[in-house]
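Reading through the structure tokens given below for one structure.
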Amino acid sequence: MRENDDNTILKLALAVGLLFAAGPGFATEIPVSTQTEWAAAKKTVDLPNGIKLAYSEMGNVEGKPLLLIHGYTDNSRSWSLVAPYLKNHHIYAIDLRGHGKSSAPECCYTYLDFANDAFLFLEAMKIEQADVVGHSLGSLAVQMLAAQHPEKVRKVVLISSTLNTGGGPGTWLWDNIKPLQPPIDPNGKFMTDWYWNPNPVDERFIKPEREESAAVPIHVWKGVLWGTTTGDLGKISSLIKAPVMIFWGDQDQLMNAPQQAKLKAAFPKARFETFPGAGHNMFWERPEKAAELINSFLSE
């Protein structure tokens with residue numbers, strides 16, 4: 001009889017332990033993958049428009065949803081250096097169509113297409129509202145998403161952004177990307193220029209990042225290039241109702257100071273943070289500082 005009593009007590013203790021473990025004080029955390037594990041840890045979801053979107057899920061599953069959208073020819077790995085400092089949030093870092101492990105259709109690669117995929121992703125994940133952070137091309141998609149679907153976006157962070165890339169013949173992007181032919185050498189001059197940073201970046205990150213970028217299909221490289229020639233997002237900036245924070249590295253050779261002045265004019269209430277001495281990818285160069293500012297802004 002004593003043995004049965006002991007077993008009953010043990011089962012009750014285990015049940016109580018499990019009950020508490022499931023409570024709010026015991027949030028489940030999805031760890032941030034290592035650089036070696038990153039690609040294999042991605043998940044995918046089929047969107048109703050036929051796109052299979054890959055994504056990395058991390059952080060506190062009971063935290064507020066945080067959607068991260070990377071730049072031109074990057075993928076969710078772009079956020080791997082900053083993600084460990086953002087893990088109080090429930091992070092979803094997507095691979096844009098044509099990038100990483102997502103579908104790469106022949107068409108189309110405008111800001112509107114990327115924003116629509118992001119909206120459908122939020123719907124598929126049953127996320128009613130998210131904070132959204134976008135870098136470079138991703139920041140243009142974020143502006144479109146926040147303008148079209150203000151109910152879905154709580155706060156916006158634009159990193160290395162602009163209202164209009166000013167793409168087309170005669171620009172660095174056009175003149176360097178239009179002639180590209182596969183295979184692209186990840187260690188060649190073009191790719192080392194593409195991933196130039198004025199400050200050191202972790203080599204364990206930048207090497208696979210450069211290799212994955214070089215593997216992006218050539219029709220995607222050029223599809224995005226054509227997409228950058230269309231549209232001035234200044235025409236829809238007034239439709240964005242979410243609070244905005246903007247990051248800019250003053251050594252950014254793609255998104256220059258005059259472009260930042262136009263951003264400030266379009267978002268006069270935005271919090272603007274300059275990273276002195278940093279470049280287009282300042283959140284790779286100074287991930288802890290970038291995360292500190294993001295956490296502060298999202299918690300205000």
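By convention here, the chains of the structure tokens are called A, B, ... in the order presented, each chain's residues are numbered starting at 1, and ligands are numbered starting at 1 in the order presented.
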
Tell me which protein, DNA and RNA residues are within 8 Å of stretch 44-46 of chain A, counting only C-alpha atoms, leaving out same-chain ones fewer than 2 positions away, and put them as JSON, numbers by chain.
-> {"A": [42, 48, 50, 51, 52, 53, 54, 55, 102, 121, 124]}

Same residues, N, CA, C and O atoms, output as a PDB file, in the first residue's frame:
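Everything below was put into again_21.pdb:
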ATOM      1  N   LYS A  42      15.735  25.990 -40.963  1.00  0.00           N
ATOM      2  CA  LYS A  42      14.603  26.758 -41.508  1.00  0.00           C
ATOM      3  C   LYS A  42      13.360  25.886 -41.674  1.00  0.00           C
ATOM      4  O   LYS A  42      13.439  24.694 -41.950  1.00  0.00           O
ATOM      5  N   PRO A  48      -1.007  31.031 -50.050  1.00  0.00           N
ATOM      6  CA  PRO A  48      -2.087  30.797 -51.016  1.00  0.00           C
ATOM      7  C   PRO A  48      -1.806  31.315 -52.421  1.00  0.00           C
ATOM      8  O   PRO A  48      -2.525  30.964 -53.352  1.00  0.00           O
ATOM      9  N   GLY A  50       0.853  30.530 -54.042  1.00  0.00           N
ATOM     10  CA  GLY A  50       1.726  29.555 -54.675  1.00  0.00           C
ATOM     11  C   GLY A  50       3.178  29.628 -54.254  1.00  0.00           C
ATOM     12  O   GLY A  50       3.986  28.779 -54.646  1.00  0.00           O
ATOM     13  N   ILE A  51       3.538  30.620 -53.468  1.00  0.00           N
ATOM     14  CA  ILE A  51       4.922  30.758 -52.999  1.00  0.00           C
ATOM     15  C   ILE A  51       5.150  29.891 -51.767  1.00  0.00           C
ATOM     16  O   ILE A  51       4.340  29.890 -50.835  1.00  0.00           O
ATOM     17  N   LYS A  52       6.241  29.133 -51.780  1.00  0.00           N
ATOM     18  CA  LYS A  52       6.689  28.422 -50.572  1.00  0.00           C
ATOM     19  C   LYS A  52       7.702  29.326 -49.896  1.00  0.00           C
ATOM     20  O   LYS A  52       8.778  29.577 -50.442  1.00  0.00           O
ATOM     21  N   LEU A  53       7.354  29.826 -48.724  1.00  0.00           N
ATOM     22  CA  LEU A  53       8.215  30.784 -48.031  1.00  0.00           C
ATOM     23  C   LEU A  53       8.960  30.092 -46.903  1.00  0.00           C
ATOM     24  O   LEU A  53       8.355  29.447 -46.045  1.00  0.00           O
ATOM     25  N   ALA A  54      10.279  30.229 -46.917  1.00  0.00           N
ATOM     26  CA  ALA A  54      11.114  29.689 -45.844  1.00  0.00           C
ATOM     27  C   ALA A  54      11.273  30.741 -44.753  1.00  0.00           C
ATOM     28  O   ALA A  54      11.249  31.947 -45.028  1.00  0.00           O
ATOM     29  N   TYR A  55      11.439  30.280 -43.511  1.00  0.00           N
ATOM     30  CA  TYR A  55      11.609  31.219 -42.403  1.00  0.00           C
ATOM     31  C   TYR A  55      12.355  30.558 -41.255  1.00  0.00           C
ATOM     32  O   TYR A  55      12.376  29.327 -41.122  1.00  0.00           O
ATOM     33  N   SER A 102      13.350  29.951 -50.172  1.00  0.00           N
ATOM     34  CA  SER A 102      11.997  30.228 -50.664  1.00  0.00           C
ATOM     35  C   SER A 102      11.890  29.985 -52.162  1.00  0.00           C
ATOM     36  O   SER A 102      12.905  29.904 -52.868  1.00  0.00           O
ATOM     37  N   PHE A 121       2.171  35.654 -45.148  1.00  0.00           N
ATOM     38  CA  PHE A 121       2.900  34.892 -44.132  1.00  0.00           C
ATOM     39  C   PHE A 121       2.298  35.144 -42.748  1.00  0.00           C
ATOM     40  O   PHE A 121       2.060  34.199 -41.986  1.00  0.00           O
ATOM     41  N   ALA A 124      -0.857  33.275 -42.526  1.00  0.00           N
ATOM     42  CA  ALA A 124      -0.641  31.836 -42.411  1.00  0.00           C
ATOM     43  C   ALA A 124      -0.197  31.442 -41.003  1.00  0.00           C
ATOM     44  O   ALA A 124      -0.552  30.368 -40.505  1.00  0.00           O
TER      45      ALA A 124
END

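Close contacts of A:Val82, defined as residues with an atom at most 12 Å away when counting only C-alpha atoms, with chain neighbours fewer than 6 positions off set aside, comprise Val32, Ser33, Met58, Gly59, Leu68, Ser76, Ile91, Ala93, Val133, Asp202, Phe205, Asn281, Met282, Phe283, Trp284, Glu285, Arg286, Pro287, Glu288, Lys289, Ala290, Ala291, Glu292, Leu293, Ile294 and Asn295 of chain A.
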
How many Å separate atom CA of A:Ser160 from atom CA of A:Met255?
->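 Value for the atom CA of A:Ser160-atom CA of A:Met255 distance: 6.3 Å.
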
Polymer residues at most 7 Å from stretch 109-119 of chain A, only C-alpha atoms, same-chain spacing of 5 or more positions, as a VMD selection string | chain A and resid 96 140 to 142 144 to 145 223 to 224 227 to 228

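Take atom CA of A:His70 and atom CA of A:Gly100: the distance between them is 10.5 Å.
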
Please return as a PyMOL selection string: the residues of stretch 112-287 of chain A that backbone DSSP assigns to alpha helix (DSSP H).
-> chain A and resi 112-124+137-148+172-177+189-194+203-214+218-227+257-266+282-285+287

Can you tell me, as a VMD selection string, what residues are no more than 12 Å from A:Ala265 when counting only C-alpha atoms, ignoring any on the same chain fewer than 5 positions away?
-> chain A and resid 162 to 163 234 237 to 238 258 to 260 270 272
